[in-house]
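Below is one structure, written out as structure tokens; comments come after it.
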Amino acid sequence: MLLNITRENHTPLHQAERERDRLPPISSHSSSGLDRGPKLPYPSLNFISNHRKEDGSHSLSSQFILPGIRHGRELPPICPNVRLKHQHQHRITVDNLPPEVRARFASDPVMPLRTKTVKEFQEDIERATVSGDWKHVHDFYLTTFGSFLELNAAFKKDASPLFNTIEDSGINTKFVNAVYDALSLTPPDAQRAVLKGIINSLLREWKGRRTKDDLRAYFILVQNPQCTSPATYVIYAHLLRQIAALAEADHYFLMHWFKKLSQKRFKQLVERLHLFISTRLFPVKPEELPPMAKCSWWIPSATKVLSLLNAANIISSTPILPFVDFYNPTLDHTDFMEDYRMWQTQGNSTRFTFCQFAFILSTVVKKAVIQKDSEQQMISMARQSLVDKVSRRQRVDMSLLFLNIKVRRLQLVSDSMDELTRNRADLKKKLKVSFVGEAGLDMGGLTKEWFLLLIRQIFHTDHGMFTFFKDSHCHWFSSWKCDNYSEFRLVGVLMGLAVYNSITLDISFPPCVYKKLLTPPVVPCDLDPPVGMATLTLDDLQQVMPDLSHGLAELLSYEGNVEEDFCTTFQVSQEELGVIKSYNLKPGGDKIPVTNQNRKEYVQLYVDFLLNKSIYRQFTTFYYGFHSVCASDALMLLRPEEVEILVCGSPNLDMSSLQKAAQYEGYSKTDPTIRAFWDVVLGFPLKFQKRLLHFSTGSDRVPVGGMADLNFKISKIDASTDWLPISHTCFNQICLPPYKNKKELKQKLTIAISNAEGFGLE
């Protein structure tokens, strides 16, 4: 039955809305497939706008007028030829009809009964493939996707139950997958029938809140594989906008339903949204898409839907995808600094920025934002120092533009602490390091070496600040109490300086340290609130003390009598400088037994004690040291894992990638010396590969962006082959004489990289 559509309002505003919401035309007679898209002479369909009122309902800009009905709830006379004397008193309506004769109206639709099974559908596809008659399949697709009601009728497990639960969408996902998988095998007219049906579904007007059946329909439609083609992007964009505009409670349901998808289907959804965003930003054929000015809402809508998938990934017991799969590399090539500045100015206002959805920004972008933010702060500090000198009519020394650190190798820790304390006001200037008695100009190499040596000494177990756990291969804060925690502040300052100056450090902290470091990501104005008190779990403890974590997990799963068999109270003991000390996890804990009923509380308090409370003074000092240098709004964009990558780089060396990215000066990649060099390097054990990287770059860690970001260069020097290789760590450069053979090169290179610290000058 066709419905007449009338408009209540014909103002220019509504005209603009109709123009904005125009959907692509759909052809039923072209055989050229979907790739031709909007170029074909299809009739057009218009979207019907609806606007949400403040009370959550919708005000509609048009009505569906039902044929033969003059008023919404009024019935026509039973006998048209009989005129009642007092119609105003005896008008017959639905409300005064007996229940047994009441009929449903279009406004109260009944879900049709659809009984087709997956097996029956697959048999239909097989028969159509053999016979070439696709009419039955075509009709199925046209009917099923023609309305939200039909979608539910076809794919809902059972028409009767409401399935109003986050745990079960009520959708037969196996059937949905079969229908979508078979779609690519069907003729173009069947594929167009689906798109035409989706348009009809999206055109339906809504009154009040969405039902769970409506959410199920959106859940089904967004999985449509046709949405990978730019020819369908206008329809896809409208679908995404409707999903993005749903109420928060509806998003909550969709989020939980998304996490129930298989990894394959979930990943396809994520990739489809990334492709849509990338194509809209940088279309291969701009003429295939509407002008950006007319569809500025496309990218915000897609990003908001992608955020639902990201949230689903986070709340899943085990992440469905690694968080890096939500990065969109295309954004690396946009003006992300302008986006960042807009976000800084407007925050999470109605103006869309990618920084509001930081999960989509790669670590490369976030590092660049932090670097540029740091550079601006460095320039500002240097300018202020110059202005102060000039205003006092003092002689300007260019050294005041830098944070100058001068240390002795034999007193490295104490000298470094004194220098950083003395120059506390200059921490946000560019770092320059010099070693007393050594003739070296710091172009970056001395700074890298200073970091490397200082971190190595501070984290040595003899120093006592950190404990190394062999089982987890990580360092943890020593819990001993002392009067001065300033050295912990030094470690925090070093980490901040490393991020600020784009230096990677060889630090083996567990991931929970970076969670604590971002709790909160910006130092509170009021110093009273506790910092670093992250909400940590047994999984976090597993990464630090795996044996203890395993024991606590067994306590939680123990099926016997915990109180009688474990004989444990809410008091714990730990060794501090050779002395065993006891601590109550709660007031009177030494008198409270651990039972089957309170063991969860015991485990949580124990984890909180070990990872938060027992090291609170140490970590607080460390936290303020880090943020004294690295205070930036950009930290709010980072995940804990990303902070770790910025601080430590990646420990995974890929020398093949370094070979591909290497540059040459005086040599070509086919020269015998270069071929011999890479044969030797690729054959080195990991230990020697790290030494080579340290020898040539000043660090054995891979920076954000991978080996290609090192700008590694091999240069030729006209020197005797008796010489050892030479490196310029400031420029990530290694210089090689033209060695006669591979054996000689390996011998000289091994000697050089094994003796790579210091200049050997006094």
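Labeling convention for the structure tokens: chains A, B, ... as they appear, residues from 1 per chain, ligands from 1 in order of appearance.
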
(message) Residues within 12 Å of segment 660-663 of chain A, please, as a PyMOL selection string. Count only C-alpha atoms; anything in the same chain fewer than 4 positions from it doesn't count.
(response) chain A and resi 654-656+667-669+674+678+706-716+731-735

Can I get the selection written as a short mmCIF file (atom, residue, chain, number, x, y, z; two decimals), in the first residue's frame, with N, CA and C atoms?
```cif
data_model
loop_
_atom_site.label_atom_id
_atom_site.label_comp_id
_atom_site.auth_asym_id
_atom_site.auth_seq_id
_atom_site.Cartn_x
_atom_site.Cartn_y
_atom_site.Cartn_z
N ASP A 654 63.56 -5.13 14.73
CA ASP A 654 63.35 -5.75 13.41
C ASP A 654 64.42 -5.21 12.49
N MET A 655 65.55 -5.90 12.45
CA MET A 655 66.68 -5.42 11.66
C MET A 655 66.39 -5.43 10.16
N SER A 656 65.46 -6.28 9.74
CA SER A 656 65.09 -6.28 8.32
C SER A 656 64.44 -4.96 7.94
N TYR A 667 78.29 4.82 -0.31
CA TYR A 667 78.03 3.42 -0.64
C TYR A 667 76.67 3.33 -1.35
N SER A 668 76.46 2.21 -2.01
CA SER A 668 75.12 1.84 -2.47
C SER A 668 74.76 0.52 -1.82
N LYS A 669 73.50 0.18 -1.81
CA LYS A 669 73.08 -1.02 -1.11
C LYS A 669 73.59 -2.31 -1.75
N ILE A 674 78.48 -3.25 2.05
CA ILE A 674 77.12 -3.12 2.59
C ILE A 674 76.45 -4.48 2.67
N TRP A 678 75.13 -6.21 6.31
CA TRP A 678 73.80 -6.69 6.66
C TRP A 678 73.78 -8.20 6.89
N GLY A 706 58.59 3.08 14.53
CA GLY A 706 59.38 1.97 14.03
C GLY A 706 60.77 2.37 13.56
N MET A 707 61.46 1.40 12.99
CA MET A 707 62.84 1.60 12.55
C MET A 707 62.98 2.71 11.51
N ALA A 708 61.94 2.90 10.72
CA ALA A 708 62.02 3.92 9.67
C ALA A 708 62.22 5.31 10.24
N ASP A 709 61.74 5.54 11.47
CA ASP A 709 61.86 6.86 12.09
C ASP A 709 63.27 7.15 12.60
N LEU A 710 64.16 6.16 12.57
CA LEU A 710 65.52 6.38 13.05
C LEU A 710 66.37 7.18 12.07
N ASN A 711 65.97 7.18 10.79
CA ASN A 711 66.78 7.82 9.74
C ASN A 711 68.23 7.30 9.80
N PHE A 712 68.35 5.99 9.86
CA PHE A 712 69.65 5.33 10.01
C PHE A 712 70.46 5.48 8.72
N LYS A 713 71.74 5.88 8.87
CA LYS A 713 72.57 6.12 7.69
C LYS A 713 73.91 5.39 7.84
N ILE A 714 74.38 4.78 6.74
CA ILE A 714 75.71 4.16 6.69
C ILE A 714 76.55 4.97 5.71
N SER A 715 77.67 5.49 6.21
CA SER A 715 78.53 6.34 5.38
C SER A 715 79.89 5.68 5.17
N LYS A 716 80.51 6.03 4.07
CA LYS A 716 81.84 5.51 3.74
C LYS A 716 82.90 6.51 4.20
N PHE A 731 73.33 11.79 14.90
CA PHE A 731 72.67 11.71 13.59
C PHE A 731 72.29 10.28 13.21
N ASN A 732 72.38 9.33 14.19
CA ASN A 732 72.05 7.92 13.93
C ASN A 732 72.83 7.39 12.73
N GLN A 733 74.15 7.65 12.76
CA GLN A 733 74.99 7.36 11.60
C GLN A 733 76.16 6.46 12.01
N ILE A 734 76.49 5.50 11.16
CA ILE A 734 77.66 4.65 11.36
C ILE A 734 78.54 4.76 10.12
N CYS A 735 79.85 4.91 10.35
CA CYS A 735 80.79 5.09 9.25
C CYS A 735 81.69 3.86 9.14
#
```

(request) May I have the residues within 8 Å of segment 752-756 of chain A as a PyMOL selection string, using only C-alpha atoms and disregarding those fewer than 6 positions away in the same chain? (result) chain A and resi 688+691-692+694-695+724-726

How would the residues just picked look written out with N, CA, C and O atoms as an mmCIF file, in the first residue's frame?
```cif
data_model
loop_
_atom_site.group_PDB
_atom_site.id
_atom_site.type_symbol
_atom_site.label_atom_id
_atom_site.label_comp_id
_atom_site.auth_asym_id
_atom_site.auth_seq_id
_atom_site.Cartn_x
_atom_site.Cartn_y
_atom_site.Cartn_z
ATOM 1 N N PHE A 688 73.686 -8.580 20.555
ATOM 2 C CA PHE A 688 74.603 -7.780 19.744
ATOM 3 C C PHE A 688 73.850 -6.822 18.814
ATOM 4 O O PHE A 688 74.374 -5.759 18.467
ATOM 5 N N ARG A 691 73.293 -3.902 20.903
ATOM 6 C CA ARG A 691 74.539 -3.146 21.041
ATOM 7 C C ARG A 691 74.817 -2.301 19.802
ATOM 8 O O ARG A 691 75.300 -1.173 19.894
ATOM 9 N N LEU A 692 74.542 -2.869 18.621
ATOM 10 C CA LEU A 692 74.742 -2.109 17.386
ATOM 11 C C LEU A 692 73.835 -0.881 17.364
ATOM 12 O O LEU A 692 74.266 0.223 17.005
ATOM 13 N N HIS A 694 72.550 0.665 19.919
ATOM 14 C CA HIS A 694 73.051 1.623 20.917
ATOM 15 C C HIS A 694 74.299 2.334 20.407
ATOM 16 O O HIS A 694 74.468 3.553 20.597
ATOM 17 N N PHE A 695 75.192 1.603 19.743
ATOM 18 C CA PHE A 695 76.429 2.177 19.209
ATOM 19 C C PHE A 695 76.139 3.275 18.179
ATOM 20 O O PHE A 695 76.793 4.319 18.167
ATOM 21 N N LEU A 724 88.468 0.851 13.297
ATOM 22 C CA LEU A 724 87.157 0.332 13.710
ATOM 23 C C LEU A 724 86.062 1.219 13.122
ATOM 24 O O LEU A 724 86.316 2.387 12.773
ATOM 25 N N PRO A 725 84.836 0.711 13.013
ATOM 26 C CA PRO A 725 83.715 1.570 12.598
ATOM 27 C C PRO A 725 83.545 2.752 13.563
ATOM 28 O O PRO A 725 83.835 2.641 14.760
ATOM 29 N N ILE A 726 83.083 3.873 13.039
ATOM 30 C CA ILE A 726 82.852 5.094 13.822
ATOM 31 C C ILE A 726 81.365 5.416 13.783
ATOM 32 O O ILE A 726 80.698 5.189 12.764
#
```

(request) With a distance cut-off of 8 Å and only C-alpha atoms, select the neighbouring residues of Phe466 of chain A, excluding the residue or stretch itself and same-chain residues fewer than 3 positions from it, and output the selection as a PyMOL selection string. (result) chain A and resi 459-461+463+475-478

Please report, as a tab-separated table, each residue of segment 477-596 of chain A lying at most 10 Å from segment 625-635 of chain A, together with the nearest pair of atoms and the separation in Å rounded to one decimal; use only C-alpha atoms, and order rows by chain and ascending residue number.
```
residue	atom	partner	partner_atom	distance
A:Ser486	CA	A:Gly625	CA	9.1
A:Glu487	CA	A:Gly625	CA	9.7
A:Phe488	CA	A:Gly625	CA	7.8
A:Arg489	CA	A:Gly625	CA	4.6
A:Leu490	CA	A:Gly625	CA	6.5
A:Val491	CA	A:Gly625	CA	7.3
A:Gly492	CA	A:Phe626	CA	4.0
A:Val493	CA	A:Gly625	CA	4.6
A:Leu494	CA	A:Phe626	CA	7.3
A:Met495	CA	A:Phe626	CA	6.1
A:Gly496	CA	A:Phe626	CA	4.6
A:Leu497	CA	A:Val629	CA	6.3
A:Ala498	CA	A:Cys630	CA	9.2
A:Val499	CA	A:Cys630	CA	7.2
A:Tyr500	CA	A:Cys630	CA	6.2
A:Asn501	CA	A:Cys630	CA	9.9
A:Leu517	CA	A:Phe626	CA	8.3
A:Leu518	CA	A:Leu635	CA	7.7
A:Pro520	CA	A:Leu635	CA	9.7
A:Pro521	CA	A:Leu635	CA	5.9
A:Val522	CA	A:Ala631	CA	6.8
A:Val523	CA	A:His627	CA	7.0
```

N, CA, C and O atoms of the current selection, written as a short mmCIF file (atom, residue, chain, number, x, y, z; two decimals), in the first residue's frame:
```cif
data_model
loop_
_atom_site.label_atom_id
_atom_site.label_comp_id
_atom_site.auth_asym_id
_atom_site.auth_seq_id
_atom_site.Cartn_x
_atom_site.Cartn_y
_atom_site.Cartn_z
N SER A 486 63.43 12.20 47.45
CA SER A 486 63.76 13.06 46.32
C SER A 486 64.30 12.28 45.12
O SER A 486 64.14 12.73 43.98
N GLU A 487 64.94 11.14 45.36
CA GLU A 487 65.45 10.38 44.22
C GLU A 487 64.32 9.79 43.38
O GLU A 487 64.48 9.58 42.18
N PHE A 488 63.17 9.53 44.01
CA PHE A 488 62.01 9.08 43.23
C PHE A 488 61.50 10.21 42.34
O PHE A 488 61.04 9.98 41.22
N ARG A 489 61.62 11.42 42.86
CA ARG A 489 61.26 12.57 42.04
C ARG A 489 62.21 12.67 40.84
O ARG A 489 61.79 12.98 39.72
N LEU A 490 63.49 12.38 41.06
CA LEU A 490 64.47 12.41 39.98
C LEU A 490 64.08 11.44 38.87
O LEU A 490 64.16 11.77 37.68
N VAL A 491 63.64 10.23 39.23
CA VAL A 491 63.23 9.24 38.22
C VAL A 491 62.03 9.76 37.44
O VAL A 491 61.96 9.62 36.21
N GLY A 492 61.07 10.38 38.15
CA GLY A 492 59.91 10.95 37.47
C GLY A 492 60.32 12.06 36.52
O GLY A 492 59.82 12.15 35.39
N VAL A 493 61.26 12.92 36.96
CA VAL A 493 61.75 14.01 36.10
C VAL A 493 62.44 13.43 34.87
O VAL A 493 62.26 13.91 33.75
N LEU A 494 63.24 12.38 35.07
CA LEU A 494 63.94 11.76 33.94
C LEU A 494 62.95 11.22 32.91
O LEU A 494 63.13 11.40 31.70
N MET A 495 61.90 10.55 33.38
CA MET A 495 60.90 10.04 32.44
C MET A 495 60.21 11.18 31.72
O MET A 495 59.95 11.10 30.50
N GLY A 496 59.90 12.25 32.45
CA GLY A 496 59.27 13.41 31.81
C GLY A 496 60.19 14.05 30.79
O GLY A 496 59.75 14.41 29.69
N LEU A 497 61.49 14.20 31.13
CA LEU A 497 62.45 14.77 30.19
C LEU A 497 62.59 13.90 28.95
O LEU A 497 62.77 14.41 27.84
N ALA A 498 62.54 12.57 29.14
CA ALA A 498 62.67 11.66 28.00
C ALA A 498 61.52 11.87 27.02
O ALA A 498 61.74 11.98 25.80
N VAL A 499 60.29 11.94 27.53
CA VAL A 499 59.13 12.17 26.65
C VAL A 499 59.23 13.56 26.04
O VAL A 499 59.00 13.75 24.84
N TYR A 500 59.61 14.55 26.85
CA TYR A 500 59.68 15.94 26.42
C TYR A 500 60.72 16.15 25.33
O TYR A 500 60.56 16.98 24.44
N ASN A 501 61.84 15.37 25.42
CA ASN A 501 62.94 15.52 24.46
C ASN A 501 63.01 14.38 23.45
O ASN A 501 64.01 14.21 22.76
N LEU A 517 50.29 6.56 36.58
CA LEU A 517 50.86 7.84 36.15
C LEU A 517 49.80 8.73 35.49
O LEU A 517 49.94 9.96 35.46
N LEU A 518 48.74 8.11 34.97
CA LEU A 518 47.63 8.87 34.36
C LEU A 518 46.44 8.99 35.30
O LEU A 518 45.32 9.26 34.85
N PRO A 520 45.44 11.28 38.23
CA PRO A 520 44.81 11.72 36.98
C PRO A 520 45.87 12.12 35.95
O PRO A 520 47.03 12.32 36.30
N PRO A 521 45.47 12.31 34.67
CA PRO A 521 46.44 12.67 33.63
C PRO A 521 46.94 14.10 33.75
O PRO A 521 47.99 14.44 33.22
N VAL A 522 46.17 14.94 34.44
CA VAL A 522 46.57 16.33 34.67
C VAL A 522 46.65 16.55 36.17
O VAL A 522 45.74 16.16 36.91
N VAL A 523 47.73 17.16 36.63
CA VAL A 523 47.93 17.38 38.06
C VAL A 523 46.80 18.24 38.61
O VAL A 523 46.50 19.31 38.06
#
```

(message) So that I can see what lies close to Leu646 of chain A, please list as a PyMOL selection string the residues with an atom at most 10 Å from it, counting only C-alpha atoms and leaving out residues fewer than 5 positions away in the same chain.
(response) chain A and resi 363-364+366-367+370+495+498-500+502-505+638+640-641+703-704

Those selected residues, please, written with all heavy atoms and delivered as a short mmCIF file (atom, residue, chain, number, x, y, z; two decimals), in the first residue's frame.
```cif
data_model
loop_
_atom_site.label_atom_id
_atom_site.label_comp_id
_atom_site.auth_asym_id
_atom_site.auth_seq_id
_atom_site.Cartn_x
_atom_site.Cartn_y
_atom_site.Cartn_z
N THR A 363 49.58 6.39 17.82
CA THR A 363 50.64 6.85 18.71
C THR A 363 51.55 7.83 17.98
O THR A 363 52.13 8.73 18.60
CB THR A 363 51.48 5.66 19.22
OG1 THR A 363 50.59 4.62 19.66
CG2 THR A 363 52.34 6.07 20.39
N VAL A 364 51.70 7.68 16.67
CA VAL A 364 52.50 8.62 15.88
C VAL A 364 51.92 10.02 15.99
O VAL A 364 52.66 11.00 16.21
CB VAL A 364 52.56 8.17 14.41
CG1 VAL A 364 53.25 9.22 13.55
CG2 VAL A 364 53.27 6.83 14.29
N LYS A 366 49.87 11.16 18.38
CA LYS A 366 49.94 11.62 19.77
C LYS A 366 51.35 12.04 20.15
O LYS A 366 51.54 13.03 20.86
CB LYS A 366 49.41 10.52 20.70
CG LYS A 366 47.92 10.28 20.54
CD LYS A 366 47.46 9.03 21.25
CE LYS A 366 45.98 8.77 20.97
NZ LYS A 366 45.52 7.49 21.51
N LYS A 367 52.34 11.31 19.65
CA LYS A 367 53.72 11.70 19.91
C LYS A 367 54.01 13.05 19.26
O LYS A 367 54.65 13.92 19.86
CB LYS A 367 54.68 10.64 19.37
CG LYS A 367 56.14 11.00 19.58
CD LYS A 367 57.08 10.05 18.87
CE LYS A 367 58.53 10.51 19.03
NZ LYS A 367 59.48 9.67 18.27
N ILE A 370 52.47 15.82 21.28
CA ILE A 370 53.24 16.09 22.49
C ILE A 370 54.54 16.80 22.14
O ILE A 370 54.95 17.75 22.84
CB ILE A 370 53.52 14.77 23.24
CG1 ILE A 370 52.23 14.24 23.86
CG2 ILE A 370 54.57 14.96 24.32
CD1 ILE A 370 52.36 12.89 24.53
N MET A 495 61.90 10.55 33.38
CA MET A 495 60.90 10.04 32.44
C MET A 495 60.21 11.18 31.72
O MET A 495 59.95 11.10 30.50
CB MET A 495 59.88 9.17 33.18
CG MET A 495 60.38 7.76 33.45
SD MET A 495 59.16 6.70 34.25
CE MET A 495 57.77 6.84 33.14
N ALA A 498 62.54 12.57 29.14
CA ALA A 498 62.67 11.66 28.00
C ALA A 498 61.52 11.87 27.02
O ALA A 498 61.74 11.98 25.80
CB ALA A 498 62.69 10.22 28.50
N VAL A 499 60.29 11.94 27.53
CA VAL A 499 59.13 12.17 26.65
C VAL A 499 59.23 13.56 26.04
O VAL A 499 59.00 13.75 24.84
CB VAL A 499 57.81 12.03 27.45
CG1 VAL A 499 56.62 12.43 26.60
CG2 VAL A 499 57.65 10.59 27.94
N TYR A 500 59.61 14.55 26.85
CA TYR A 500 59.68 15.94 26.42
C TYR A 500 60.72 16.15 25.33
O TYR A 500 60.56 16.98 24.44
CB TYR A 500 60.02 16.79 27.65
CG TYR A 500 59.63 18.24 27.57
CD1 TYR A 500 58.29 18.61 27.52
CD2 TYR A 500 60.59 19.24 27.58
CE1 TYR A 500 57.92 19.94 27.46
CE2 TYR A 500 60.23 20.58 27.53
CZ TYR A 500 58.90 20.92 27.47
OH TYR A 500 58.54 22.25 27.42
N SER A 502 61.96 13.56 23.41
CA SER A 502 61.85 12.47 22.43
C SER A 502 63.00 11.47 22.54
O SER A 502 63.62 11.08 21.55
CB SER A 502 61.77 13.02 21.00
OG SER A 502 60.67 13.89 20.87
N ILE A 503 63.30 11.06 23.78
CA ILE A 503 64.33 10.06 24.04
C ILE A 503 63.64 8.81 24.57
O ILE A 503 62.73 8.89 25.39
CB ILE A 503 65.34 10.56 25.09
CG1 ILE A 503 65.95 11.89 24.67
CG2 ILE A 503 66.41 9.51 25.35
CD1 ILE A 503 66.85 11.81 23.47
N THR A 504 64.05 7.64 24.09
CA THR A 504 63.49 6.39 24.60
C THR A 504 64.40 5.83 25.69
O THR A 504 65.63 5.91 25.59
CB THR A 504 63.33 5.35 23.48
OG1 THR A 504 64.59 5.17 22.82
CG2 THR A 504 62.30 5.81 22.48
N LEU A 505 63.79 5.29 26.75
CA LEU A 505 64.52 4.79 27.91
C LEU A 505 64.36 3.28 28.03
O LEU A 505 63.31 2.73 27.69
CB LEU A 505 64.00 5.44 29.19
CG LEU A 505 64.07 6.97 29.28
CD1 LEU A 505 63.49 7.44 30.60
CD2 LEU A 505 65.50 7.46 29.10
N LEU A 638 46.18 9.97 25.93
CA LEU A 638 46.96 8.74 25.91
C LEU A 638 46.35 7.63 26.74
O LEU A 638 45.79 7.85 27.81
CB LEU A 638 48.37 9.03 26.44
CG LEU A 638 49.22 10.01 25.63
CD1 LEU A 638 50.54 10.26 26.34
CD2 LEU A 638 49.48 9.49 24.23
N PRO A 640 47.46 4.14 28.91
CA PRO A 640 48.68 3.75 29.63
C PRO A 640 49.69 3.05 28.74
O PRO A 640 50.90 3.29 28.84
CB PRO A 640 48.14 2.81 30.73
CG PRO A 640 46.74 3.25 30.95
CD PRO A 640 46.24 3.70 29.62
N GLU A 641 49.22 2.19 27.84
CA GLU A 641 50.13 1.48 26.94
C GLU A 641 50.88 2.45 26.02
O GLU A 641 52.04 2.21 25.65
CB GLU A 641 49.36 0.47 26.08
CG GLU A 641 48.63 -0.60 26.87
CD GLU A 641 47.19 -0.23 27.17
OE1 GLU A 641 46.88 0.98 27.25
OE2 GLU A 641 46.37 -1.14 27.36
N PRO A 703 62.03 3.63 18.45
CA PRO A 703 61.10 4.73 18.75
C PRO A 703 59.72 4.49 18.17
O PRO A 703 59.51 3.58 17.36
CB PRO A 703 61.78 5.93 18.08
CG PRO A 703 62.52 5.34 16.93
CD PRO A 703 63.01 4.00 17.41
N VAL A 704 58.78 5.33 18.61
CA VAL A 704 57.44 5.31 18.03
C VAL A 704 57.56 5.57 16.53
O VAL A 704 58.27 6.47 16.09
CB VAL A 704 56.56 6.40 18.68
CG1 VAL A 704 55.21 6.46 17.99
CG2 VAL A 704 56.39 6.12 20.16
#
```

(request) List every residue of segment 231-473 of chain A that DSSP, applied to the backbone, labels as helix (DSSP H, G or I), and write the result as a ChimeraX atom specification. (result) /A:231-244,248-258,263-281,286-288,292-294,298-315,323-326,329-333,336-346,354-360,363-391,398-401,409-422,424-426,445-458,461-463

(request) Rank nothing, just name the residue among A:Phe336, A:Tyr141, A:Phe326, A:Phe677 nearest to Lys748 of chain A, using only C-alpha atoms. (result) A:Phe677

(request) Quick one: everything within 8 Å of segment 216-221 of chain A, counting only C-alpha atoms, minus sequence neighbours fewer than 6 positions away in the same chain. Send it as number ranges by chain. (result) A: 148, 151-152, 169-171, 176, 198, 239, 243, 254

(request) Would you mind reading off the distance between atom CA of Lys740 of chain A and atom CA of Leu653 of chain A, one decimal, in Å? (result) 28.3 Å

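Of the listed residues A:Val137, A:Arg192, A:Phe468, A:Pro112, the one whose atoms come nearest to Ala153 of chain A is A:Pro112, with distances taken using only C-alpha atoms.
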
(request) For segment 380-396 of chain A, please output as a ChimeraX atom specification all residues within 9 Å (counting only C-alpha atoms; exclusion window: fewer than 4 positions along the same chain). (result) /A:375-376,400-402,426,428-430

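Atom pair atom CA of Val194 of chain A / atom CA of Gln268 of chain A has a distance of 19.2 Å (rounded to one decimal).
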
(request) Compile the contact shell of Val531 of chain A as an MDAnalysis selection string: residues with an atom at most 8 Å away, counting only C-alpha atoms, same-chain residues fewer than 4 positions apart removed. (result) chainID A and resid 516 519:520 620 623

Writer output for current selection, N, CA, C and O atoms, as a compact mmCIF listing (two decimals), in the first residue's frame:
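Final output, selection_14.txt:
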```
# COMPACT_ATOMS: atom_id res chain seq x y z
N LYS A 516 48.80 4.27 36.80
CA LYS A 516 48.90 5.14 37.97
C LYS A 516 49.40 6.53 37.58
O LYS A 516 48.98 7.54 38.13
N THR A 519 46.66 8.81 36.59
CA THR A 519 45.57 8.92 37.57
C THR A 519 45.86 10.05 38.56
O THR A 519 46.49 9.84 39.58
N PRO A 520 45.44 11.28 38.23
CA PRO A 520 44.81 11.72 36.98
C PRO A 520 45.87 12.12 35.95
O PRO A 520 47.03 12.32 36.30
N THR A 620 53.92 9.03 44.74
CA THR A 620 53.45 10.41 44.67
C THR A 620 54.59 11.35 44.27
O THR A 620 54.43 12.23 43.42
N TYR A 623 55.32 10.72 40.67
CA TYR A 623 54.25 11.30 39.85
C TYR A 623 54.47 12.80 39.64
O TYR A 623 54.42 13.29 38.50
```

(request) Report the distance between atom CA of Leu240 of chain A and atom CA of Val305 of chain A in Å, rounded to one decimal place. (result) 6.7 Å
